[in-house]
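J.: Quick one: the structure is below, questions incoming.
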Amino acid sequence: MHGRHRERETIARLLADARGGRSGALVLRGEAGIGKSSLLRHAAESAAASGPMRVLACAGVDSEVEHAFSGLLGLLRPVLDHLDALPGVQAEALRGALGLTDSAAPDFPVSDFLVSAAVLTLLAAVAADRPLLVTVDDVQWLDRASAAALLFAARRLADEPIAMLLAVREPEPLPVNTAGLSELVLYGLPPEDAARLLDAHGWTLPARQRDALFTATGGNPLALIELARLDGPDRAMPDLAMTRTLPVSARVRAAFLRQVEGLSADGRAVLLVAAAEETGDAGTVLGAAARLGLPADALDPAERSGLVELNGIEIRFRHPLIRSAVYADAPFEHRRAAHLAIAAHLSATGKDGQAIWHRAVATTAPDEKIAAELEHSADAARRRGGAAAAISVLQHAARLSESPADRRQRTVTAAFVALDAGRPGLARTLVDQVMAEPVPAVTLAQLNGIIELYGGDPAIAYSHLMRCAELMSSAEPEEAAWTLLLAGGSALHAGDMEAALLATRRITDLDCSPATLRAAAGLLGGFEGVITGAELWELPGILPRGRGGGDERQWMWATVIGWMGPDDHQALRLAEATGRRARAEGSAALLTEVLFYQADIEFRLGHWAEGTAHAEEGLRFSYETGQRGWTANFLAQSARFAAVRGEAAACRRYARQALEIAFPLRERIAAATATGALGLLALGEGASAEAFAELMRLFERGSPHSNDFVALAMLPDLVEAAVRAGDPEPARRIVQAVEPRTGAVRGPMAQGGKHRSHAMLADDAHAESHYRSALANCGLDQRPFDRARTELLYGEWLHRNHRRTEAQPMLRAASETFDTLGAQPWARRALARLRAAGGTPPRPDRPVAALLSPQELEVSRLAAKGLSNREIGDRMHLSPRTVGSHLYRAFPKLGISTRAELRDLDLD
């Protein structure tokens, strides 16, 4: 721990927070041997020493990275007796994922999210007894299913006495994205600390030799320690003197292997078996060793030398690098023999599911039987919630396939699983592997289209998806219709409304079911609400099912139509229903998209606390799934929420981040939304000229900021900015140019925005009729921010025309709405205009909902409906303890003391 004062202080604060009931997660990053493991051990010792905390620990191992939930099993094994404290569905899901049930899979589909939520709840239950420290070493070698579950928990710890430390080796690729978590990057020791470390190990060197050794190792503490464990400096210095280099990774590995070389042949052989066995199960290791003819005490020398620790049921290597070095250095035939022995022992003990992987690793030639068994095990892994493991198993099955057709089919299947799991980058890699082979053109077009849709350029996605739809239009018209829906969405995000309409109209030419054709009509006339509310709710039940067999596709149809339609309340209910199904099915990619619609609808409805929370959740999922286009969109949504609240720094930060991602991807909805947010911010701050300059970007043809869909919605904002800046003519020309293209759009919101724009541009003889028409529009009742903006403008117009008495109720209503929403810049403006008109300010009481944080508000709403803490936790992916903490903080703010009183409050 030489020289790690800053790092130790950071960890001490993390532990102190956990002891005080505040959670925290920290990612330690650094190269191999830089001291991550030492800091984890230091944290564990500190946790046990003062105000004892419980410690759970595990480490990723490269040879078990393909085994779903193996890391999680190692971590949670000491606390599995707490499983009974979990909700029944979560407990069963976690037992299934960890292989603790007798049946191959639970009776219901288990999603990654359900398993992750169970992990979060279990950690909270364990921490209820006493504060908890969770340490995970070598996250880069953790199986992806375990890593995803732990990262899910780390991002959602809230007011739990839990500290989590995750050590990541650089530059190894990670199984999951750790974006959004606090990080501590470890570097090599400075020369003076490196010298003290060497001195402590008996290497007191002349200054020049010490400096040369420090330069060659980069101050890597593990490299220095392992080198110092040799006989003396003379063993290391000749090479250094000759080459002036000492590659850390090579020398560290060599140091480990020199220790292993001191073992007998039997000792090295059994150590290799332990390295090849992924779970650390002592019985399996010793049983396999016996099958190789190794003596029962063959492991003793390795244990005495400190290379491994044996606690009766588990074998642990002193450091993961030892395992890696032993495994990588062994000849393939020796590794093969070890895996076959492990497989034989597992089969003899009834663990054929684990045995097949070891047989696959040991197989040197294509073997269709093993490939088929692997493919079957991939299905089981996915059913248990191990989508990531299923991808890896399918890849290996493809490599063992005897025929090119089977190899292609399994690789393509793995790519589709990767897309469903929200991993477009991996899917792209898999597609690249089969691009040169005779894969059906329709399959390649579909894969490439969805890959670009989730993680790339939406314009390219549109091209691929349209080609795919045409290729399948005759044989699979329903699949073609769904593909055209995706193509239309891609075009919308690419900023090409004509292409979006073309894709949607193409659906009406297909030989589809009446329900699908009706849905297409609903998309084409979405603004006008040509499909009634009752029809929309019936639609998911009558649309044909997709290939996957689930109903989330049908609900997505209804959600998109609702999002485009005039009834925002209904649209929100549909999005919520679709989101519940996407969570249940474990469709990360689909859920991310649903959260976008949900946050957007909640912005319109004025549910800004919920919308902000859903944008934040969507942002987390987009990071976790690698869907960079959605990352840009959620950042842009967050910028817009910040803009209307007047949070200038946050708005500009989110907008900058959104644009940095959106521009290279040509993601025009995100770019336009972020740009529009900057315009709204400036408009609220009274910087009209700046607002006009920003908003004009949305209407510049070919600009990377432009998107017709977003621009049309923000046309009234552009007009207001132009009028306030004293130069209405550019806005007037844009209105005149846009109206012929939108004349067929007769929805209430479109008409309301048109009247608001005309009112601002009209002379006094005609303005009032437009203001009255806008306010008479029933659509504004669902969009309080837009209604208040219209009331403010009308009130200002009345005041300018010396109609103070008529202006006052308009300005007061606007002021109250803005204050309720938390739209502080507009609230201040409306209040100032009301006072100028001689009106009395509205009562200063804040609405109940504004007193709470977004999560406190959502928890309170669900509690008001009668849900228990556990039921609320299941729905929000929080532990019951966290739910209780939110209510504990909310009650004093609301002036109540019991849950029953929540039902009497207006929490909308």
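Here, A, B, ... name the chains of the structure tokens in the order displayed, residue numbers run from 1 inside each chain, and ligands are numbered from 1 in the same displayed order.
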Can you pull out the residues contacting region 702-708 of chain A? Cut-off 7 Å, using only C-alpha atoms, and skip same-chain residues under 4 positions away; I want them as an MDAnalysis selection string.
T.: chainID A and resid 495 497 663 666 668:669 671:672 675 697:698 712
J.: Using only C-alpha atoms, please write the residues we just selected to a file, as a JSON list (two decimals), in the first residue's frame.
T.:
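Writing done, so here's selection_1.json:
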```json
[["chain", "number", "residue", "atom", "x", "y", "z"],
["A", 495, "GLY", "CA", -34.40, 14.11, -40.21],
["A", 497, "MET", "CA", -39.92, 13.13, -42.84],
["A", 663, "PHE", "CA", -23.36, 14.90, -35.06],
["A", 666, "ARG", "CA", -26.37, 12.01, -37.99],
["A", 668, "ARG", "CA", -31.03, 14.59, -36.08],
["A", 669, "ILE", "CA", -33.82, 14.29, -33.50],
["A", 671, "ALA", "CA", -29.30, 17.20, -32.31],
["A", 672, "ALA", "CA", -32.46, 19.24, -32.92],
["A", 675, "THR", "CA", -30.36, 22.76, -30.01],
["A", 697, "ARG", "CA", -30.70, 26.19, -36.88],
["A", 698, "LEU", "CA", -33.64, 23.78, -36.73],
["A", 712, "LEU", "CA", -42.49, 21.96, -36.46]]
```
J.: So that I can check the surroundings of Ile450 (chain A), please list as a PyMOL selection string every protein, DNA and RNA residue that reaches within 12 Å of it, counting only C-alpha atoms and ignoring chain neighbours fewer than 2 positions away.
T.: chain A and resi 415-420+422-425+427-428+431+443-448+452-466+468+482-487+489-490+589-590+627
J.: Deliver the residues from the most recent selection as a file, using C-alpha atoms, as an mmCIF file, in the first residue's frame.
T.:
```cif
data_model
loop_
_atom_site.group_PDB
_atom_site.id
_atom_site.type_symbol
_atom_site.label_atom_id
_atom_site.label_comp_id
_atom_site.auth_asym_id
_atom_site.auth_seq_id
_atom_site.Cartn_x
_atom_site.Cartn_y
_atom_site.Cartn_z
ATOM 1 C CA ALA A 415 -26.064 -11.570 -33.569
ATOM 2 C CA PHE A 416 -29.841 -11.399 -33.108
ATOM 3 C CA VAL A 417 -29.478 -12.327 -29.422
ATOM 4 C CA ALA A 418 -26.887 -9.560 -29.100
ATOM 5 C CA LEU A 419 -29.325 -7.061 -30.602
ATOM 6 C CA ASP A 420 -32.130 -8.150 -28.281
ATOM 7 C CA GLY A 422 -28.847 -4.250 -26.515
ATOM 8 C CA ARG A 423 -25.302 -4.962 -27.716
ATOM 9 C CA PRO A 424 -25.168 -3.539 -31.258
ATOM 10 C CA GLY A 425 -21.362 -3.388 -31.230
ATOM 11 C CA ALA A 427 -23.782 -7.787 -33.233
ATOM 12 C CA ARG A 428 -21.828 -5.751 -35.767
ATOM 13 C CA VAL A 431 -22.199 -9.831 -38.819
ATOM 14 C CA THR A 443 -30.971 -11.551 -43.114
ATOM 15 C CA LEU A 444 -27.929 -9.340 -43.642
ATOM 16 C CA ALA A 445 -30.122 -6.353 -44.451
ATOM 17 C CA GLN A 446 -32.177 -6.920 -41.315
ATOM 18 C CA LEU A 447 -29.120 -7.318 -39.072
ATOM 19 C CA ASN A 448 -27.287 -4.347 -40.521
ATOM 20 C CA GLU A 452 -27.369 0.913 -37.283
ATOM 21 C CA LEU A 453 -30.729 1.691 -35.724
ATOM 22 C CA TYR A 454 -29.487 0.887 -32.223
ATOM 23 C CA GLY A 455 -25.905 2.049 -32.351
ATOM 24 C CA GLY A 456 -25.129 3.813 -35.602
ATOM 25 C CA ASP A 457 -26.357 6.103 -38.349
ATOM 26 C CA PRO A 458 -30.189 6.212 -38.667
ATOM 27 C CA ALA A 459 -29.976 7.151 -42.363
ATOM 28 C CA ILE A 460 -27.972 4.000 -43.072
ATOM 29 C CA ALA A 461 -30.404 2.035 -40.895
ATOM 30 C CA TYR A 462 -33.273 3.308 -43.052
ATOM 31 C CA SER A 463 -31.576 2.120 -46.248
ATOM 32 C CA HIS A 464 -30.927 -1.391 -44.905
ATOM 33 C CA LEU A 465 -34.375 -1.752 -43.351
ATOM 34 C CA MET A 466 -36.194 -0.628 -46.481
ATOM 35 C CA CYS A 468 -35.002 -5.868 -45.937
ATOM 36 C CA TRP A 482 -42.690 -4.322 -38.597
ATOM 37 C CA THR A 483 -39.444 -3.671 -40.473
ATOM 38 C CA LEU A 484 -41.060 -0.719 -42.247
ATOM 39 C CA LEU A 485 -42.150 0.656 -38.885
ATOM 40 C CA LEU A 486 -38.502 0.531 -37.789
ATOM 41 C CA ALA A 487 -37.447 2.107 -41.089
ATOM 42 C CA GLY A 489 -38.536 5.607 -37.136
ATOM 43 C CA SER A 490 -34.993 5.589 -38.518
ATOM 44 C CA ALA A 589 -33.181 -2.506 -26.567
ATOM 45 C CA LEU A 590 -36.961 -2.112 -26.676
ATOM 46 C CA GLN A 627 -27.118 2.306 -27.908
#
```
J.: Excluding Arg783 (chain A) and any residue of its chain fewer than 3 positions from it, enumerate the residues within 6 Å of it, using only C-alpha atoms, and give them as a list in words.
T.: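 Everything that qualifies: Arg604, Leu605, Leu780 and Asp786 of chain A.
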J.: From region 358-534 of chain A, collect each residue whose DSSP state is alpha helix (DSSP H) and return the set as an NGL selection string.
T.: :A and (358-362 or 368-383 or 387-400 or 404-420 or 424-434 or 441-455 or 458-472 or 477-494 or 497-507 or 514-524 or 533-534)
J.: What's around region 767-773 of chain A at 10 Å? Count only C-alpha atoms, leave out sequence neighbours fewer than 6 positions away in its own chain, and write the answer as number ranges by chain.
T.: A: 751-752, 754-761, 790-791, 793-795, 797-798
J.: May I have the selected residues written with C-alpha atoms, as a PDB file, in the first residue's frame?
T.:
```
ATOM      1  CA  GLN A 751     -53.674  23.844 -34.903  1.00  0.00           C
ATOM      2  CA  GLY A 752     -52.992  25.297 -31.459  1.00  0.00           C
ATOM      3  CA  LYS A 754     -50.383  27.511 -35.653  1.00  0.00           C
ATOM      4  CA  HIS A 755     -52.807  29.938 -33.968  1.00  0.00           C
ATOM      5  CA  ARG A 756     -50.198  30.894 -31.361  1.00  0.00           C
ATOM      6  CA  SER A 757     -47.666  31.673 -34.091  1.00  0.00           C
ATOM      7  CA  HIS A 758     -50.166  33.696 -36.126  1.00  0.00           C
ATOM      8  CA  ALA A 759     -51.234  35.628 -33.039  1.00  0.00           C
ATOM      9  CA  MET A 760     -47.688  36.804 -32.380  1.00  0.00           C
ATOM     10  CA  LEU A 761     -47.175  37.813 -36.018  1.00  0.00           C
ATOM     11  CA  THR A 790     -50.138  31.075 -24.665  1.00  0.00           C
ATOM     12  CA  GLU A 791     -51.840  32.641 -21.627  1.00  0.00           C
ATOM     13  CA  LEU A 793     -48.469  35.961 -24.445  1.00  0.00           C
ATOM     14  CA  TYR A 794     -52.184  36.785 -24.560  1.00  0.00           C
ATOM     15  CA  GLY A 795     -52.006  38.471 -21.167  1.00  0.00           C
ATOM     16  CA  TRP A 797     -50.950  41.517 -25.467  1.00  0.00           C
ATOM     17  CA  LEU A 798     -54.011  42.556 -23.433  1.00  0.00           C
TER      18      LEU A 798
END
```
J.: Would you compute the distance between CA of Ile370 (chain A) and CA of Ala275 (chain A)? Give it in Å to one decimal.
T.: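 Interatomic distance here is 22.9 Å.
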J.: Quick check, in Å to one decimal: how far apart do CA of Leu257 (chain A) and CA of Pro331 (chain A) lie?
T.: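 Computing it gives 13.6 Å between the two atoms.
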J.: Rounded to one decimal in Å, what is the spacing between CA of Val723 (chain A) and CA of Ser688 (chain A)?
T.: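 Atom-to-atom, CA of Val723 (chain A) and CA of Ser688 (chain A) are spaced 8.5 Å apart.
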J.: Which residues are near Pro477 (chain A)? Cut-off 12 Å, only C-alpha atoms, ignore same chain within fewer than 5 positions. Put them as a ChimeraX atom specification.
T.: /A:468-472,482-484,506-513,516-517,544,546
